[in-house]
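Source file: final-v4.cif. Holds: mmCIF, C-alpha atoms.
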```
data_target
#
loop_
_atom_site.label_atom_id
_atom_site.label_comp_id
_atom_site.auth_asym_id
_atom_site.auth_seq_id
_atom_site.Cartn_x
_atom_site.Cartn_y
_atom_site.Cartn_z
CA MET S 1 51.41 133.09 117.89
CA ASN S 2 53.62 130.06 117.21
CA GLN S 3 56.97 130.80 115.60
CA VAL S 4 58.15 127.18 115.42
CA GLN S 5 55.94 124.29 114.41
CA ALA S 6 56.86 120.65 113.84
CA THR S 7 54.80 117.68 112.69
CA VAL S 8 55.63 113.99 112.39
CA ASN S 9 53.43 111.45 110.59
CA TRP S 10 53.75 107.72 110.07
CA SER S 11 52.02 105.82 107.29
CA LYS S 12 51.85 102.17 106.35
CA ARG S 13 50.63 100.41 103.24
CA GLY S 14 49.81 96.81 104.04
CA PHE S 15 49.46 93.61 102.05
CA ILE S 16 45.84 92.73 101.23
CA PRO S 17 45.65 89.67 98.92
CA GLU S 18 42.11 90.40 97.74
CA LEU S 19 42.65 94.05 96.83
CA ARG S 20 44.30 95.02 93.55
CA GLY S 21 47.16 97.46 94.08
CA PHE S 22 47.75 96.12 97.59
CA ASN S 23 48.17 92.44 96.66
CA ASP S 24 51.89 92.68 95.80
CA PRO S 25 54.07 92.52 98.94
CA THR S 26 56.93 94.38 97.21
CA TYR S 27 54.78 97.55 97.18
CA GLY S 28 54.23 97.50 100.94
CA ASP S 29 55.85 100.38 102.74
CA GLN S 30 56.10 102.26 105.99
CA SER S 31 57.20 105.85 105.92
CA ILE S 32 57.88 108.74 108.24
CA ASN S 33 56.99 112.24 107.07
CA THR S 34 58.18 115.30 108.99
CA SER S 35 57.91 119.03 108.58
CA THR S 36 59.37 121.87 110.63
CA SER S 37 58.66 125.53 110.03
CA VAL S 38 60.15 128.61 111.67
CA HIS S 39 59.41 132.29 111.15
CA THR S 40 59.82 135.64 112.82
CA GLN S 41 56.89 137.03 114.76
CA ASN S 42 56.03 139.46 111.95
CA ASN S 43 56.55 136.83 109.19
CA GLN S 44 59.33 138.84 107.59
CA TYR S 45 61.73 135.85 107.53
CA GLY S 46 60.98 132.16 107.66
CA GLY S 47 61.83 128.70 106.50
CA ILE S 48 60.57 125.15 106.24
CA TYR S 49 62.36 121.79 106.20
CA SER S 50 60.51 118.55 105.46
CA PHE S 51 61.32 115.01 104.44
CA SER S 52 59.72 111.64 103.73
CA TYR S 53 61.64 108.47 104.51
CA ASP S 54 60.55 104.94 103.53
CA ILE S 55 61.49 102.74 106.50
CA PHE S 56 60.69 99.45 104.74
CA HIS S 57 62.91 100.10 101.70
CA LYS S 58 65.45 102.30 103.59
CA ASN S 59 65.08 105.10 101.06
CA MET S 60 64.82 108.88 101.44
CA LEU S 61 61.85 109.65 99.19
CA GLN S 62 61.86 113.42 99.36
CA GLN S 63 63.60 116.32 101.08
CA ARG S 64 62.59 119.95 100.80
CA ILE S 65 64.02 123.14 102.25
CA SER S 66 62.51 126.55 101.62
CA GLY S 67 62.92 130.06 102.89
CA PHE S 68 61.31 133.43 102.43
CA TYR S 69 61.81 137.14 103.01
CA ASN S 70 58.90 139.58 102.97
CA ALA S 71 59.30 143.35 102.98
CA GLN S 72 56.49 145.87 102.97
CA CYS S 73 56.45 146.15 99.17
CA CYS S 74 57.76 142.82 97.95
CA GLY S 75 59.03 139.38 98.85
CA LEU S 76 61.35 136.61 97.76
CA ALA S 77 60.93 132.87 98.31
CA PHE S 78 63.12 129.94 97.34
CA GLU S 79 62.92 126.17 97.61
CA TYR S 80 65.29 123.28 96.99
CA GLN S 81 63.85 119.79 96.66
CA THR S 82 65.24 116.31 96.04
CA VAL S 83 62.95 113.47 95.01
CA ASN S 84 63.92 109.78 94.80
CA PHE S 85 61.20 107.15 94.75
CA GLY S 86 63.74 104.47 93.83
CA SER S 87 62.35 101.16 92.64
CA LEU S 88 58.82 102.16 93.70
CA SER S 89 58.29 104.35 90.67
CA SER S 90 59.25 104.87 87.05
CA PHE S 91 60.11 108.51 87.84
CA PRO S 92 63.85 109.26 87.91
CA SER S 93 65.58 110.99 90.81
CA ASP S 94 65.28 114.72 90.60
CA HIS S 95 66.71 117.88 92.15
CA ARG S 96 64.74 121.11 91.82
CA PHE S 97 65.38 124.74 92.67
CA PHE S 98 62.40 127.07 92.72
CA MET S 99 62.31 130.84 93.18
CA SER S 100 59.36 133.21 93.43
CA PHE S 101 58.99 137.00 93.67
CA THR S 102 56.01 138.73 95.27
CA LEU S 103 54.94 142.30 94.60
CA ALA S 104 52.44 143.74 97.07
CA GLY S 105 48.99 144.06 95.56
CA LEU S 106 49.98 142.24 92.32
CA GLY S 107 50.78 138.66 93.26
CA ASN S 108 53.59 136.11 92.72
CA PHE S 109 55.90 135.76 89.74
CA SER S 110 57.91 132.60 89.04
CA PRO S 111 59.14 130.46 86.10
CA PHE S 112 56.35 128.89 84.05
CA ASN S 113 57.51 125.33 84.69
CA GLY S 114 57.83 126.03 88.42
CA ALA S 115 61.49 125.06 88.67
CA LEU S 116 64.96 126.09 87.60
CA SER S 117 66.38 122.59 87.33
CA GLY S 118 67.09 122.10 83.66
CA VAL S 119 63.53 121.05 82.80
CA PRO S 120 62.78 121.92 79.14
CA ARG S 121 60.58 124.99 78.75
#
```
Taking this structure as input, can you express it in the form of structure tokens?
Amino acid sequence: MNQVQATVNWSKRGFIPELRGFNDPTYGDQSINTSTSVHTQNNQYGGIYSFSYDIFHKNMLQQRISGFYNAQCCGLAFEYQTVNFGSLSSFPSDHRFFMSFTLAGLGNFSPFNGALSGVPR
């Protein structure tokens, strides 16, 4: 059973003059995406860290850190995320904090909008 797992991916969007959506060189990008997860052998404690970095535009697109604790009857999970697509998107930068409770046999409970970051309810 693996208790530590890491992945690294690289992606590239190229310039293709004949293809709409790819025919603007300013939208070309190359990014690195990583994820690392750790947990105890019995999955009682664990955490994940991941990020996406745009090499071409020198911009951190997203970072996410999460952790969890599971007991026999219940569990608690949290996540903090930052998102910044910069000039590539009309979406503004954002910071989010998410928390979830688990009750054995019943399921997960969390805020309706999925985040505790000042988003209107």
Expand the PyMOL selection byres ((chain S and resi 56) around 6) into the explicit residue set it covers here, and present it as a PyMOL selection string. chain S and resi 29-30+54-55+57-58
Extract, using all atoms listed in the file, all DNA, RNA and protein residues at most 9 Å from His95 of chain S, discarding same-chain residues fewer than 4 positions from it, and format them as a list in words.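 That gives Tyr80, Gln81, Thr82, Val83, Asn84 and Ser117 of chain S.
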Keeping C-alpha atoms, export the residues of the selection given above as a compact mmCIF listing (two decimals), in the frame of the given file.
```txt
# COMPACT_ATOMS: atom_id res chain seq x y z
CA TYR S 80 65.29 123.28 96.99
CA GLN S 81 63.85 119.79 96.66
CA THR S 82 65.24 116.31 96.04
CA VAL S 83 62.95 113.47 95.01
CA ASN S 84 63.92 109.78 94.80
CA SER S 117 66.38 122.59 87.33
```
Among the residues S:Met60, S:Leu19, S:Leu76, S:Val4, the one that comes closest to His39 of chain S [using all atoms listed in the file]: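 When distances to His39 of chain S are compared using all atoms listed in the file, the smallest one comes from S:Val4.
Our summary of the geometry notes that atom CA of Gly28 of chain S is positioned 19.2 Å from atom CA of Phe51 of chain S.
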Shell of 10 Å around Pro25 of chain S, all atoms listed in the file, local chain residues under 6 positions omitted, as a PyMOL selection string: chain S and resi 13-17
Give me, as a list in words, all polymer residues having an atom no more than 6 Å from Ser35 of chain S, counting all atoms listed in the file and skipping those fewer than 4 positions away in the same chain.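 Once the nearby chain positions are removed, what remains is Ala6, Thr7, Tyr49 and Ser50 of chain S.
Considering the residues S:Tyr53, S:Thr40, S:Thr102, S:Tyr27 and counting only C-alpha atoms, Asn2 of chain S has its shortest atom-to-atom contact with S:Thr40.
The closest residue to Val8 of chain S, picked from S:Gly21, S:Phe101, S:Ser52, S:Tyr45 and counting only C-alpha atoms, is S:Ser52.
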If I take atom CA of Gln3 of chain S and atom CA of Ser31 of chain S, how far is one from the other in Å, to one decimal?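 Pair atom CA of Gln3 of chain S / atom CA of Ser31 of chain S returns 26.8 Å.
Polymer residues near (58.0, 134.0, 108.5): counting all atoms listed in the file with a cut-off of 10 Å, they are Gln3, Val4, Ser37, Val38, His39, Thr40, Gln41, Asn42, Asn43, Gln44, Tyr45, Gly46, Gly47, Ile48, Gly67, Phe68, Tyr69 and Asn70 of chain S.
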Calculate how many Å separate atom CA of Gly105 of chain S from atom CA of Gln72 of chain S, rounding to one decimal. 10.7 Å
Let me make sure I understand: among S:Thr34, S:Asn108, S:Gln5, S:Asn23, which one has the smallest atom-to-atom distance to Cys74 of chain S if we use all atoms listed in the file?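 Among S:Thr34, S:Asn108, S:Gln5, S:Asn23, it is S:Asn108 that comes nearest to Cys74 of chain S.
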Take the point (61.9, 127.5, 97.3) as written in the file and pick out every residue within 9 Å of it, counting all atoms listed in the file; give the list as a count of residues only. 16
Using the file's own x, y and z axes, so that the box edges lie along x, y and z, what centre and edge lengths in Å (one decimal) does a box around every listed atom of segment 16-29 of chain S get when 5 Å is added on each side? Give it as AutoDock Vina command-line options.
```
--center_x 49.5 --center_y 95.0 --center_z 98.1 --size_x 24.8 --size_y 20.7 --size_z 19.2
```
